[in-house]
Amino acid sequence: MAQISPTQNGDLRRCCFGFAHLVFVRRRVLFTEKYSNFTNTKERLQPPSAAHPFGTDTVGRDILARTIYGGQISIAIGITAAFVEVMIGILIGALAGYFGGRIDSILMRFTEAMLNMPQLLLLIVMSKFFSGQLPNINILGRTLSGSVVVIVFIIGLTSWPYLARIVRAEFLSIKEREFILAARATGTPSWEIIFKHILPNSIAPIVVSATLGVAGAISLEAYVSFLGMGVRAPTATWGNMLENAYRYIESAYWLWLFPGLLIVLITISINFLGDGLRDALDPRSRTV
Amino acid sequence: MTRYIVRRLLQAIPLLLVISLILFVLMQNATDPLATMGGRTPTRPEDRARLTRQLGLDKPVYIQYLYWLIGNDWTKVDLDGDGTAETQGKRQGVLRGDFGTSIVQTGRPVTTVIFERLPNTLILMLTAEFVIVLGALLVGIFSALRQYSLFDNILTGILFIGYSMPIFFVALSTMYIFSINFQRWGLPHLPTVGMFDPKIGKTTGQIILHMILPVFSIAFISFAAYSRYIRSTMLEVLGQDYIRTARSKGLPKREITFIHALKNASLPIVTIVGLDLPLLLGGAVVTERIFAWPGMGRLFIDGIDRGDTPVVMGILMLIAVSVVIFQIITDIVYAWLDPRIRFD
């Protein structure tokens with residue numbers, strides 16, 4: 001290892017300090033909601049510049065800050081919505097697949113009913129239904145508009161049918177295996193067979209579709225917010241930054257380009273991840 | 001066969017009832033249709049009370065649903081809004097084909113309002129579906145024949161990107177490049193929004209010109225799913241024994257690909273097209289909004305925004321019913337194409 005002279009050491013220290021300062025102190029400027037919601041009406045619709053690398057929006061907020069902050073919210077919405085989806089999907093798929101018979105046919109009819117409607121239209125109706133005057137919520141020192149929670153739940157509530165079908169199919173095949181017969185013969189209660197014996201064995205396709213579900217939820221949130229029925233102010237997400245941005249398509253491309261590009265990039269990355277997981281976890285599904 | 005169709009239709013009835021009930025309850029509480037009725041001036045409280053009674057919105061939700069479903073000609077309704085129900089109801093209900101009248105476009109029947117917009121959506125969607133299927137067939141077959149070639153790999157990459165893209169990004173960027181910047185550079189450019197240039201009028205050429213970008217956007221994002229599907233079914237069929245037999249008989253390659261292989265590979269495509277078509281009716285919400293296309297998607301959004309429950313319910317039921325019908329048609333066509341399948 002090379003000797004570090006005192007001056008170099010000082011440089012290094014200064015550099016470290018600068019970096020730490022940037023990360024821990026200036027972070028408050030770069031990444032906080034306060035800065036992302038800071039409006040300066042004198043700087044409306046500024047094109048990208050050194051001060052505002054992504055430009056400013058219609059009320060003079062810095063788009064870079066909003067993109068960073070909005071990205072956190074978008075990703076958080078994606079992950080939690082996929083979580084809700086997985087919970088409902090597993091519950092319904094497992095019940096239908098394990099118990100079969102009447103429970104199965106009722107649950108599957110219900111699943112079909114859900115699939116009979118375009119998901120986006122259902123989402124719009126539901127988001128309109130649940131979006132009264134919702135109070136803002138404080139989580140981890142952030143103030144989120146109440147519509148964030150609504151969006152998470154309605155995306156979860158409308159995307160489970162595909163997952164439920166996958167889980168059901170897995171359960172149908174695994175419950176016929178001998179170790180389940182053995183578990184039943186030793187008097188293991190049903191819930192234990194479902195959650196301890198069958199579910200862990202069918203986890204691979206669930207993990208894959210949960211991953212893809214995150215990407216799906218992020219773009220769904222963007223669609224609904226784009227139509228102006230998703231997450232409301234003051235919270236920024238990539239989707240609601242795009243709302244009305246298309247009205248400025250001729251004059252201010254930076255309004256839609258950056259958040260749009262980031263949505264594309266993140267969905268591509270998550271889909272790649274999901275695809276890779278599918279190949280790694282479930283070699284049978286690797287199609288020709 | 002007839003028994004199968006009848007059974008499927010009977011199964012669909014409770015399904016549709018449940019869907020309609022849930023959607024109706026959601027819609028009733030979603031928006032206040034009276035909020036925008038007074039135009040810019042807020043509605044006066046006494047007018048509001050009168051309108052609520054006239055439109056029957058003061059009734060409990062299950063009564064409103066019942067009126068919507070089976071009509072109100074068996075009871076008296078309060079048409080003048082004075083608080084006493086004295087006029088015989090006229091609505092026949094959805095079950096007898098009466099979808100009610102629009103609240104926003106006062107007095108116009110919902111069916112008229114929807115069927116005004118339906119052709120616009122259909123022309124956009126059917127063209128897009130046609131482009132998708134045709135292109136996906138070409139690409140799918142070609143990449144199946146040259147599996148893992150450079151062409152196949154590059155195409156897979158592009159399709160994957162298209163698959164991950166939200167439609168508004170495709171729409172906005174193509175609009176930005178091909179209409180706005182091309183105009184700026186003095187090149188021949190495509191129109192941005194609308195269905196035709198009002199100066200020229202609604203001619204076929206204008207509509208085609210205005211359709212290019214929306215159709216491209218819809219096609220680009222749904223292309224991947226179709227062509228990957230065709231590629232994998234083609235590959236499966238090409239590995240079958242009868243293809244080997246055909247090859248060993250020395251049949252020309254073109255004949256094997258397009259007659260022996262494609263015929264069998266296209267069976268599953270019928271299924272996805274049949275199941276996707278009705279969903280396309282509502283799938284255009286975002287596209288129609290960006291391109292200001294006067295179709296059903298925009299009608300739906302406007303209806304939601306202004307609380308026009310009859311119109312929104314009409315659109316949703318139209319889609320639900322066509323999904324059910326298309327599922328049955330798909331099954332029948334599939335059985336007709338593939339004699340191995342029997343309905344018992």
# chains A, B, ... in the order shown; residues from 1 in each chain; ligands from 1
$ residues_around --residues "region 197-203 of chain A" --least-positions-apart "6" --cutoff "10 Å" --atoms "only C-alpha atoms" --output "number ranges by chain"
A: 90, 94, 98, 166-175, 177, 179-180, 183, 190-191, 281
$ write_last_selection --atoms "N, CA, C and O atoms" --output "PDB file, in the first residue's frame"
ATOM      1  N   ILE A  90     -51.775 -15.530  -2.696  1.00  0.00           N
ATOM      2  CA  ILE A  90     -51.436 -16.780  -2.019  1.00  0.00           C
ATOM      3  C   ILE A  90     -52.639 -17.305  -1.255  1.00  0.00           C
ATOM      4  O   ILE A  90     -52.983 -18.481  -1.341  1.00  0.00           O
ATOM      5  N   ALA A  94     -54.169 -20.652  -2.504  1.00  0.00           N
ATOM      6  CA  ALA A  94     -53.933 -21.788  -1.616  1.00  0.00           C
ATOM      7  C   ALA A  94     -55.251 -22.411  -1.175  1.00  0.00           C
ATOM      8  O   ALA A  94     -55.410 -23.638  -1.204  1.00  0.00           O
ATOM      9  N   TYR A  98     -55.973 -26.114  -2.358  1.00  0.00           N
ATOM     10  CA  TYR A  98     -55.869 -27.149  -1.330  1.00  0.00           C
ATOM     11  C   TYR A  98     -57.220 -27.800  -1.052  1.00  0.00           C
ATOM     12  O   TYR A  98     -57.330 -29.019  -1.006  1.00  0.00           O
ATOM     13  N   ILE A 166     -51.664 -19.083 -10.510  1.00  0.00           N
ATOM     14  CA  ILE A 166     -50.386 -19.799 -10.468  1.00  0.00           C
ATOM     15  C   ILE A 166     -50.287 -20.612  -9.182  1.00  0.00           C
ATOM     16  O   ILE A 166     -49.953 -21.799  -9.199  1.00  0.00           O
ATOM     17  N   VAL A 167     -50.605 -19.965  -8.034  1.00  0.00           N
ATOM     18  CA  VAL A 167     -50.511 -20.648  -6.740  1.00  0.00           C
ATOM     19  C   VAL A 167     -51.440 -21.851  -6.716  1.00  0.00           C
ATOM     20  O   VAL A 167     -51.065 -22.936  -6.267  1.00  0.00           O
ATOM     21  N   ARG A 168     -52.647 -21.669  -7.248  1.00  0.00           N
ATOM     22  CA  ARG A 168     -53.607 -22.766  -7.247  1.00  0.00           C
ATOM     23  C   ARG A 168     -53.066 -23.959  -8.033  1.00  0.00           C
ATOM     24  O   ARG A 168     -53.139 -25.104  -7.574  1.00  0.00           O
ATOM     25  N   ALA A 169     -52.506 -23.662  -9.210  1.00  0.00           N
ATOM     26  CA  ALA A 169     -51.974 -24.754 -10.029  1.00  0.00           C
ATOM     27  C   ALA A 169     -50.862 -25.492  -9.283  1.00  0.00           C
ATOM     28  O   ALA A 169     -50.826 -26.730  -9.276  1.00  0.00           O
ATOM     29  N   GLU A 170     -49.978 -24.741  -8.623  1.00  0.00           N
ATOM     30  CA  GLU A 170     -48.898 -25.370  -7.853  1.00  0.00           C
ATOM     31  C   GLU A 170     -49.476 -26.262  -6.756  1.00  0.00           C
ATOM     32  O   GLU A 170     -49.039 -27.391  -6.562  1.00  0.00           O
ATOM     33  N   PHE A 171     -50.458 -25.720  -6.033  1.00  0.00           N
ATOM     34  CA  PHE A 171     -51.051 -26.465  -4.920  1.00  0.00           C
ATOM     35  C   PHE A 171     -51.711 -27.742  -5.416  1.00  0.00           C
ATOM     36  O   PHE A 171     -51.608 -28.789  -4.789  1.00  0.00           O
ATOM     37  N   LEU A 172     -52.400 -27.617  -6.553  1.00  0.00           N
ATOM     38  CA  LEU A 172     -53.088 -28.786  -7.092  1.00  0.00           C
ATOM     39  C   LEU A 172     -52.106 -29.909  -7.354  1.00  0.00           C
ATOM     40  O   LEU A 172     -52.394 -31.084  -7.082  1.00  0.00           O
ATOM     41  N   SER A 173     -50.920 -29.567  -7.870  1.00  0.00           N
ATOM     42  CA  SER A 173     -49.996 -30.655  -8.201  1.00  0.00           C
ATOM     43  C   SER A 173     -49.254 -31.141  -6.958  1.00  0.00           C
ATOM     44  O   SER A 173     -49.051 -32.333  -6.790  1.00  0.00           O
ATOM     45  N   ILE A 174     -48.890 -30.211  -6.061  1.00  0.00           N
ATOM     46  CA  ILE A 174     -48.084 -30.645  -4.908  1.00  0.00           C
ATOM     47  C   ILE A 174     -48.911 -31.442  -3.903  1.00  0.00           C
ATOM     48  O   ILE A 174     -48.417 -32.378  -3.287  1.00  0.00           O
ATOM     49  N   LYS A 175     -50.201 -31.102  -3.775  1.00  0.00           N
ATOM     50  CA  LYS A 175     -50.969 -31.786  -2.721  1.00  0.00           C
ATOM     51  C   LYS A 175     -51.163 -33.272  -3.015  1.00  0.00           C
ATOM     52  O   LYS A 175     -51.549 -34.037  -2.136  1.00  0.00           O
ATOM     53  N   ARG A 177     -48.682 -35.151  -3.884  1.00  0.00           N
ATOM     54  CA  ARG A 177     -47.413 -35.842  -3.663  1.00  0.00           C
ATOM     55  C   ARG A 177     -47.440 -36.639  -2.368  1.00  0.00           C
ATOM     56  O   ARG A 177     -48.255 -36.404  -1.476  1.00  0.00           O
ATOM     57  N   PHE A 179     -45.349 -36.858   0.218  1.00  0.00           N
ATOM     58  CA  PHE A 179     -45.035 -36.304   1.536  1.00  0.00           C
ATOM     59  C   PHE A 179     -46.223 -35.560   2.147  1.00  0.00           C
ATOM     60  O   PHE A 179     -46.333 -35.434   3.363  1.00  0.00           O
ATOM     61  N   ILE A 180     -47.140 -35.114   1.286  1.00  0.00           N
ATOM     62  CA  ILE A 180     -48.346 -34.477   1.812  1.00  0.00           C
ATOM     63  C   ILE A 180     -49.268 -35.545   2.397  1.00  0.00           C
ATOM     64  O   ILE A 180     -49.870 -35.375   3.465  1.00  0.00           O
ATOM     65  N   ALA A 183     -47.892 -36.363   5.668  1.00  0.00           N
ATOM     66  CA  ALA A 183     -48.221 -35.326   6.654  1.00  0.00           C
ATOM     67  C   ALA A 183     -49.655 -35.477   7.119  1.00  0.00           C
ATOM     68  O   ALA A 183     -49.968 -35.364   8.305  1.00  0.00           O
ATOM     69  N   SER A 190     -54.546 -28.813   8.717  1.00  0.00           N
ATOM     70  CA  SER A 190     -54.548 -28.294   7.347  1.00  0.00           C
ATOM     71  C   SER A 190     -53.678 -27.058   7.180  1.00  0.00           C
ATOM     72  O   SER A 190     -52.904 -26.959   6.218  1.00  0.00           O
ATOM     73  N   TRP A 191     -53.803 -26.092   8.098  1.00  0.00           N
ATOM     74  CA  TRP A 191     -53.067 -24.846   7.910  1.00  0.00           C
ATOM     75  C   TRP A 191     -51.572 -25.093   7.916  1.00  0.00           C
ATOM     76  O   TRP A 191     -50.813 -24.443   7.215  1.00  0.00           O
ATOM     77  N   LEU A 281     -34.577 -20.116 -10.750  1.00  0.00           N
ATOM     78  CA  LEU A 281     -35.361 -20.862  -9.767  1.00  0.00           C
ATOM     79  C   LEU A 281     -36.149 -22.002 -10.378  1.00  0.00           C
ATOM     80  O   LEU A 281     -36.423 -22.993  -9.738  1.00  0.00           O
TER      81      LEU A 281
END
$ select_by_dssp --residues "region 30-275 of chain A" --states "helix (DSSP H, G or I)" --output "PyMOL selection string"
chain A and resi 30-31+33-36+41-43+63-99+101-115+119-130+147-174+178-185+190-226+238-242+245-248+254-275
$ closest_atom_pairs --of "chain B" --to "chain A" --cutoff "9 Å" --atoms "only C-alpha atoms" --output "JSON lines"
{"residue": "B:Gln11", "atom": "CA", "partner": "A:Arg109", "partner_atom": "CA", "distance": 9.0}
{"residue": "B:Leu15", "atom": "CA", "partner": "A:Ala113", "partner_atom": "CA", "distance": 6.0}
{"residue": "B:Leu16", "atom": "CA", "partner": "A:Ala113", "partner_atom": "CA", "distance": 7.6}
{"residue": "B:Val18", "atom": "CA", "partner": "A:Ala113", "partner_atom": "CA", "distance": 8.1}
{"residue": "B:Ile19", "atom": "CA", "partner": "A:Ala113", "partner_atom": "CA", "distance": 6.7}
{"residue": "B:Leu23", "atom": "CA", "partner": "A:Val125", "partner_atom": "CA", "distance": 7.7}
{"residue": "B:Leu26", "atom": "CA", "partner": "A:Phe129", "partner_atom": "CA", "distance": 5.8}
{"residue": "B:Met27", "atom": "CA", "partner": "A:Val125", "partner_atom": "CA", "distance": 6.6}
{"residue": "B:Gln28", "atom": "CA", "partner": "A:Phe129", "partner_atom": "CA", "distance": 8.4}
{"residue": "B:Asn29", "atom": "CA", "partner": "A:Phe129", "partner_atom": "CA", "distance": 6.0}
{"residue": "B:Ala30", "atom": "CA", "partner": "A:Phe129", "partner_atom": "CA", "distance": 3.9}
{"residue": "B:Thr31", "atom": "CA", "partner": "A:Lys128", "partner_atom": "CA", "distance": 7.1}
{"residue": "B:Phe160", "atom": "CA", "partner": "A:Ile268", "partner_atom": "CA", "distance": 7.6}
{"residue": "B:Ile161", "atom": "CA", "partner": "A:Ile268", "partner_atom": "CA", "distance": 6.3}
{"residue": "B:Tyr163", "atom": "CA", "partner": "A:Ile268", "partner_atom": "CA", "distance": 8.3}
{"residue": "B:Ser164", "atom": "CA", "partner": "A:Ile268", "partner_atom": "CA", "distance": 5.3}
{"residue": "B:Met165", "atom": "CA", "partner": "A:Val264", "partner_atom": "CA", "distance": 5.3}
{"residue": "B:Pro166", "atom": "CA", "partner": "A:Ser219", "partner_atom": "CA", "distance": 6.3}
{"residue": "B:Ile167", "atom": "CA", "partner": "A:Tyr223", "partner_atom": "CA", "distance": 8.6}
{"residue": "B:Phe168", "atom": "CA", "partner": "A:Tyr223", "partner_atom": "CA", "distance": 8.0}
{"residue": "B:Phe169", "atom": "CA", "partner": "A:Gly260", "partner_atom": "CA", "distance": 5.8}
{"residue": "B:Leu172", "atom": "CA", "partner": "A:Tyr246", "partner_atom": "CA", "distance": 7.0}
{"residue": "B:Ser173", "atom": "CA", "partner": "A:Leu257", "partner_atom": "CA", "distance": 7.9}
{"residue": "B:Met175", "atom": "CA", "partner": "A:Ile249", "partner_atom": "CA", "distance": 8.3}
{"residue": "B:Tyr176", "atom": "CA", "partner": "A:Ile249", "partner_atom": "CA", "distance": 6.7}
{"residue": "B:Ile180", "atom": "CA", "partner": "A:Glu250", "partner_atom": "CA", "distance": 6.4}
{"residue": "B:Asn181", "atom": "CA", "partner": "A:Glu250", "partner_atom": "CA", "distance": 8.7}
{"residue": "B:Ser232", "atom": "CA", "partner": "A:Val288", "partner_atom": "CA", "distance": 6.7}
{"residue": "B:Leu235", "atom": "CA", "partner": "A:Val288", "partner_atom": "CA", "distance": 7.2}
{"residue": "B:Glu236", "atom": "CA", "partner": "A:Val288", "partner_atom": "CA", "distance": 8.0}
{"residue": "B:Leu279", "atom": "CA", "partner": "A:Pro118", "partner_atom": "CA", "distance": 5.8}
{"residue": "B:Leu280", "atom": "CA", "partner": "A:Pro118", "partner_atom": "CA", "distance": 8.3}
{"residue": "B:Leu281", "atom": "CA", "partner": "A:Pro118", "partner_atom": "CA", "distance": 8.8}
{"residue": "B:Gly282", "atom": "CA", "partner": "A:Pro118", "partner_atom": "CA", "distance": 6.4}
{"residue": "B:Gly283", "atom": "CA", "partner": "A:Pro118", "partner_atom": "CA", "distance": 6.7}
{"residue": "B:Val285", "atom": "CA", "partner": "A:Leu121", "partner_atom": "CA", "distance": 8.1}
{"residue": "B:Val286", "atom": "CA", "partner": "A:Leu227", "partner_atom": "CA", "distance": 7.2}
{"residue": "B:Arg289", "atom": "CA", "partner": "A:Leu227", "partner_atom": "CA", "distance": 8.1}
{"residue": "B:Ile290", "atom": "CA", "partner": "A:Tyr246", "partner_atom": "CA", "distance": 7.2}
{"residue": "B:Phe300", "atom": "CA", "partner": "A:Leu121", "partner_atom": "CA", "distance": 8.5}
{"residue": "B:Ile301", "atom": "CA", "partner": "A:Leu227", "partner_atom": "CA", "distance": 8.4}
{"residue": "B:Ile304", "atom": "CA", "partner": "A:Val125", "partner_atom": "CA", "distance": 7.2}
{"residue": "B:Asp305", "atom": "CA", "partner": "A:Lys128", "partner_atom": "CA", "distance": 8.4}
{"residue": "B:Leu316", "atom": "CA", "partner": "A:Met117", "partner_atom": "CA", "distance": 7.6}
{"residue": "B:Ile319", "atom": "CA", "partner": "A:Met117", "partner_atom": "CA", "distance": 7.2}
{"residue": "B:Ala320", "atom": "CA", "partner": "A:Asn116", "partner_atom": "CA", "distance": 5.8}
{"residue": "B:Val321", "atom": "CA", "partner": "A:Asn116", "partner_atom": "CA", "distance": 8.7}
{"residue": "B:Val323", "atom": "CA", "partner": "A:Asn116", "partner_atom": "CA", "distance": 6.2}
{"residue": "B:Val324", "atom": "CA", "partner": "A:Asn116", "partner_atom": "CA", "distance": 7.5}
$ write_last_selection --atoms "N, CA and C atoms" --output "CSV table (one decimal), in the first residue's frame"
chain,number,residue,atom,x,y,z
B,11,GLN,N,-73.5,-19.8,-16.8
B,11,GLN,CA,-72.5,-19.5,-15.8
B,11,GLN,C,-72.1,-18.0,-15.8
B,15,LEU,N,-71.9,-14.1,-12.7
B,15,LEU,CA,-70.7,-13.4,-12.8
B,15,LEU,C,-70.9,-11.9,-13.1
B,16,LEU,N,-71.7,-11.7,-14.2
B,16,LEU,CA,-72.0,-10.4,-14.6
B,16,LEU,C,-72.8,-9.6,-13.6
B,18,VAL,N,-72.7,-10.0,-10.3
B,18,VAL,CA,-71.8,-9.6,-9.2
B,18,VAL,C,-70.9,-8.4,-9.7
B,19,ILE,N,-70.3,-8.5,-10.9
B,19,ILE,CA,-69.5,-7.4,-11.4
B,19,ILE,C,-70.3,-6.1,-11.4
B,23,LEU,N,-69.4,-2.7,-9.2
B,23,LEU,CA,-69.1,-1.5,-9.9
B,23,LEU,C,-70.1,-0.4,-9.7
B,26,LEU,N,-69.5,1.1,-6.3
B,26,LEU,CA,-68.3,1.9,-6.3
B,26,LEU,C,-68.6,3.2,-7.0
B,27,MET,N,-69.2,3.2,-8.1
B,27,MET,CA,-69.5,4.4,-8.9
B,27,MET,C,-70.4,5.4,-8.2
B,28,GLN,N,-71.4,4.8,-7.5
B,28,GLN,CA,-72.4,5.7,-6.8
B,28,GLN,C,-71.7,6.6,-5.8
B,29,ASN,N,-70.7,6.0,-5.1
B,29,ASN,CA,-70.0,6.8,-4.1
B,29,ASN,C,-68.8,7.5,-4.5
B,30,ALA,N,-68.4,7.3,-5.8
B,30,ALA,CA,-67.2,7.9,-6.3
B,30,ALA,C,-67.2,9.4,-6.5
B,31,THR,N,-68.2,9.8,-7.3
B,31,THR,CA,-68.2,11.2,-7.6
B,31,THR,C,-69.6,11.8,-7.5
B,160,PHE,N,-38.2,-6.8,-25.6
B,160,PHE,CA,-38.2,-6.7,-24.1
B,160,PHE,C,-38.3,-5.3,-23.6
B,161,ILE,N,-37.6,-4.4,-24.3
B,161,ILE,CA,-37.8,-3.0,-23.9
B,161,ILE,C,-39.2,-2.5,-24.2
B,163,TYR,N,-41.8,-4.2,-24.2
B,163,TYR,CA,-42.7,-4.8,-23.3
B,163,TYR,C,-42.7,-4.1,-21.9
B,164,SER,N,-41.6,-3.6,-21.6
B,164,SER,CA,-41.4,-2.9,-20.3
B,164,SER,C,-41.9,-1.4,-20.3
B,165,MET,N,-42.1,-0.9,-21.5
B,165,MET,CA,-42.4,0.5,-21.6
B,165,MET,C,-43.8,0.8,-21.3
B,166,PRO,N,-44.1,1.9,-20.5
B,166,PRO,CA,-45.4,2.3,-20.4
B,166,PRO,C,-45.8,3.0,-21.7
B,167,ILE,N,-47.1,2.9,-22.0
B,167,ILE,CA,-47.5,3.4,-23.4
B,167,ILE,C,-47.3,4.9,-23.5
B,168,PHE,N,-47.5,5.6,-22.4
B,168,PHE,CA,-47.4,7.1,-22.5
B,168,PHE,C,-46.0,7.5,-22.9
B,169,PHE,N,-45.0,6.8,-22.5
B,169,PHE,CA,-43.7,7.2,-22.9
B,169,PHE,C,-43.4,7.0,-24.4
B,172,LEU,N,-45.5,9.7,-26.1
B,172,LEU,CA,-45.0,11.1,-26.0
B,172,LEU,C,-43.7,11.2,-26.8
B,173,SER,N,-42.8,10.2,-26.7
B,173,SER,CA,-41.5,10.4,-27.4
B,173,SER,C,-41.7,10.3,-28.9
B,175,MET,N,-44.4,11.2,-30.5
B,175,MET,CA,-45.1,12.5,-30.8
B,175,MET,C,-44.0,13.6,-30.9
B,176,TYR,N,-43.1,13.6,-29.9
B,176,TYR,CA,-42.1,14.6,-29.8
B,176,TYR,C,-41.2,14.6,-31.0
B,180,ILE,N,-43.5,17.0,-33.6
B,180,ILE,CA,-43.0,18.3,-33.2
B,180,ILE,C,-41.6,18.7,-33.8
B,181,ASN,N,-40.7,17.7,-33.6
B,181,ASN,CA,-39.3,18.1,-34.1
B,181,ASN,C,-39.3,18.0,-35.7
B,232,SER,N,-42.4,-19.2,-29.6
B,232,SER,CA,-42.3,-20.5,-28.8
B,232,SER,C,-43.2,-21.6,-29.4
B,235,LEU,N,-41.5,-22.9,-32.5
B,235,LEU,CA,-40.4,-23.8,-32.2
B,235,LEU,C,-40.9,-25.2,-31.7
B,236,GLU,N,-42.0,-25.2,-31.0
B,236,GLU,CA,-42.5,-26.4,-30.5
B,236,GLU,C,-43.0,-27.3,-31.7
B,279,LEU,N,-60.8,-6.7,-24.3
B,279,LEU,CA,-60.1,-5.8,-23.3
B,279,LEU,C,-59.5,-4.6,-24.0
B,280,LEU,N,-59.3,-4.7,-25.3
B,280,LEU,CA,-58.8,-3.5,-26.0
B,280,LEU,C,-59.7,-2.3,-26.0
B,281,LEU,N,-61.0,-2.7,-25.9
B,281,LEU,CA,-62.1,-1.6,-25.8
B,281,LEU,C,-61.8,-0.6,-24.7
B,282,GLY,N,-61.3,-1.1,-23.6
B,282,GLY,CA,-61.1,-0.2,-22.5
B,282,GLY,C,-59.6,0.1,-22.3
B,283,GLY,N,-58.8,-0.7,-23.1
B,283,GLY,CA,-57.3,-0.5,-22.9
B,283,GLY,C,-56.8,0.8,-23.4
B,285,VAL,N,-57.5,3.8,-22.8
B,285,VAL,CA,-57.8,5.0,-22.0
B,285,VAL,C,-56.6,6.0,-22.1
B,286,VAL,N,-55.4,5.6,-21.9
B,286,VAL,CA,-54.3,6.5,-21.9
B,286,VAL,C,-54.0,7.0,-23.3
B,289,ARG,N,-56.3,9.5,-24.4
B,289,ARG,CA,-56.2,10.8,-23.7
B,289,ARG,C,-55.0,11.6,-24.3
B,290,ILE,N,-53.9,10.9,-24.5
B,290,ILE,CA,-52.7,11.6,-25.0
B,290,ILE,C,-53.0,12.2,-26.5
B,300,PHE,N,-65.1,7.4,-21.1
B,300,PHE,CA,-65.0,6.7,-19.7
B,300,PHE,C,-64.4,7.7,-18.7
B,301,ILE,N,-63.3,8.3,-19.1
B,301,ILE,CA,-62.6,9.2,-18.1
B,301,ILE,C,-63.5,10.4,-17.8
B,304,ILE,N,-66.2,9.3,-15.5
B,304,ILE,CA,-65.7,9.1,-14.1
B,304,ILE,C,-65.6,10.5,-13.5
B,305,ASP,N,-65.0,11.4,-14.2
B,305,ASP,CA,-64.7,12.7,-13.6
B,305,ASP,C,-65.9,13.5,-13.2
B,316,LEU,N,-68.6,-0.2,-18.9
B,316,LEU,CA,-68.0,-1.3,-18.2
B,316,LEU,C,-68.8,-2.6,-18.5
B,319,ILE,N,-68.0,-3.9,-22.0
B,319,ILE,CA,-66.8,-4.7,-22.0
B,319,ILE,C,-66.9,-6.0,-21.4
B,320,ALA,N,-67.6,-6.1,-20.2
B,320,ALA,CA,-67.7,-7.4,-19.5
B,320,ALA,C,-68.5,-8.4,-20.3
B,321,VAL,N,-69.6,-7.9,-21.0
B,321,VAL,CA,-70.4,-8.8,-21.8
B,321,VAL,C,-69.5,-9.3,-23.0
B,323,VAL,N,-66.4,-9.6,-23.2
B,323,VAL,CA,-65.3,-10.5,-22.8
B,323,VAL,C,-66.0,-11.9,-22.7
B,324,VAL,N,-67.1,-12.0,-22.1
B,324,VAL,CA,-67.8,-13.3,-21.9
B,324,VAL,C,-68.1,-13.9,-23.3
$ atom_distance --atom1 "CA of Arg91 (chain B)" --atom2 "CA of Val25 (chain B)"
19.3 Å
$ residues_around --residues "Gln46 (chain A)" --least-positions-apart "5" --cutoff "8 Å" --atoms "only C-alpha atoms" --output "list in words"
Gly55, Thr56, Asp57 and Gly60 of chain A
$ write_last_selection --atoms "N, CA and C atoms" --output "PDB file, in the first residue's frame"
ATOM      1  N   GLY A  55     -34.041  20.689 -15.203  1.00  0.00           N
ATOM      2  CA  GLY A  55     -34.994  21.762 -15.450  1.00  0.00           C
ATOM      3  C   GLY A  55     -35.968  21.941 -14.297  1.00  0.00           C
ATOM      4  N   THR A  56     -36.937  22.846 -14.502  1.00  0.00           N
ATOM      5  CA  THR A  56     -37.949  23.061 -13.465  1.00  0.00           C
ATOM      6  C   THR A  56     -39.334  22.898 -14.066  1.00  0.00           C
ATOM      7  N   ASP A  57     -40.315  22.647 -13.190  1.00  0.00           N
ATOM      8  CA  ASP A  57     -41.660  22.398 -13.710  1.00  0.00           C
ATOM      9  C   ASP A  57     -42.520  23.661 -13.709  1.00  0.00           C
ATOM     10  N   GLY A  60     -42.089  25.917 -10.832  1.00  0.00           N
ATOM     11  CA  GLY A  60     -40.721  26.227 -10.462  1.00  0.00           C
ATOM     12  C   GLY A  60     -40.092  25.272  -9.470  1.00  0.00           C
TER      13      GLY A  60
END
$ atom_distance --atom1 "CA of Arg228 (chain B)" --atom2 "CA of Phe291 (chain B)"
28.3 Å
$ select_by_dssp --residues "region 28-242 of chain B" --states "strand (DSSP E)" --output "list in words"
Lys76, Val77, Thr87 and Gln88 of chain B
$ atom_distance --atom1 "CA of Leu69 (chain B)" --atom2 "CA of Leu9 (chain B)"
18.3 Å
$ closest_residue --among "B:Ala292, B:Ile341, B:Leu155, B:Leu299" --to "Thr192 (chain B)" --atoms "only C-alpha atoms"
B:Ala292
$ residues_around --residues "region 79-90 of chain B" --least-positions-apart "5" --cutoff "12 Å" --atoms "only C-alpha atoms" --output "PyMOL selection string"
chain B and resi 46-59+67-68+70-74+98-101
$ residues_around --residues "Pro191 (chain B)" --least-positions-apart "2" --cutoff "7 Å" --atoms "only C-alpha atoms" --output "PyMOL selection string"
chain B and resi 179+189+193+210
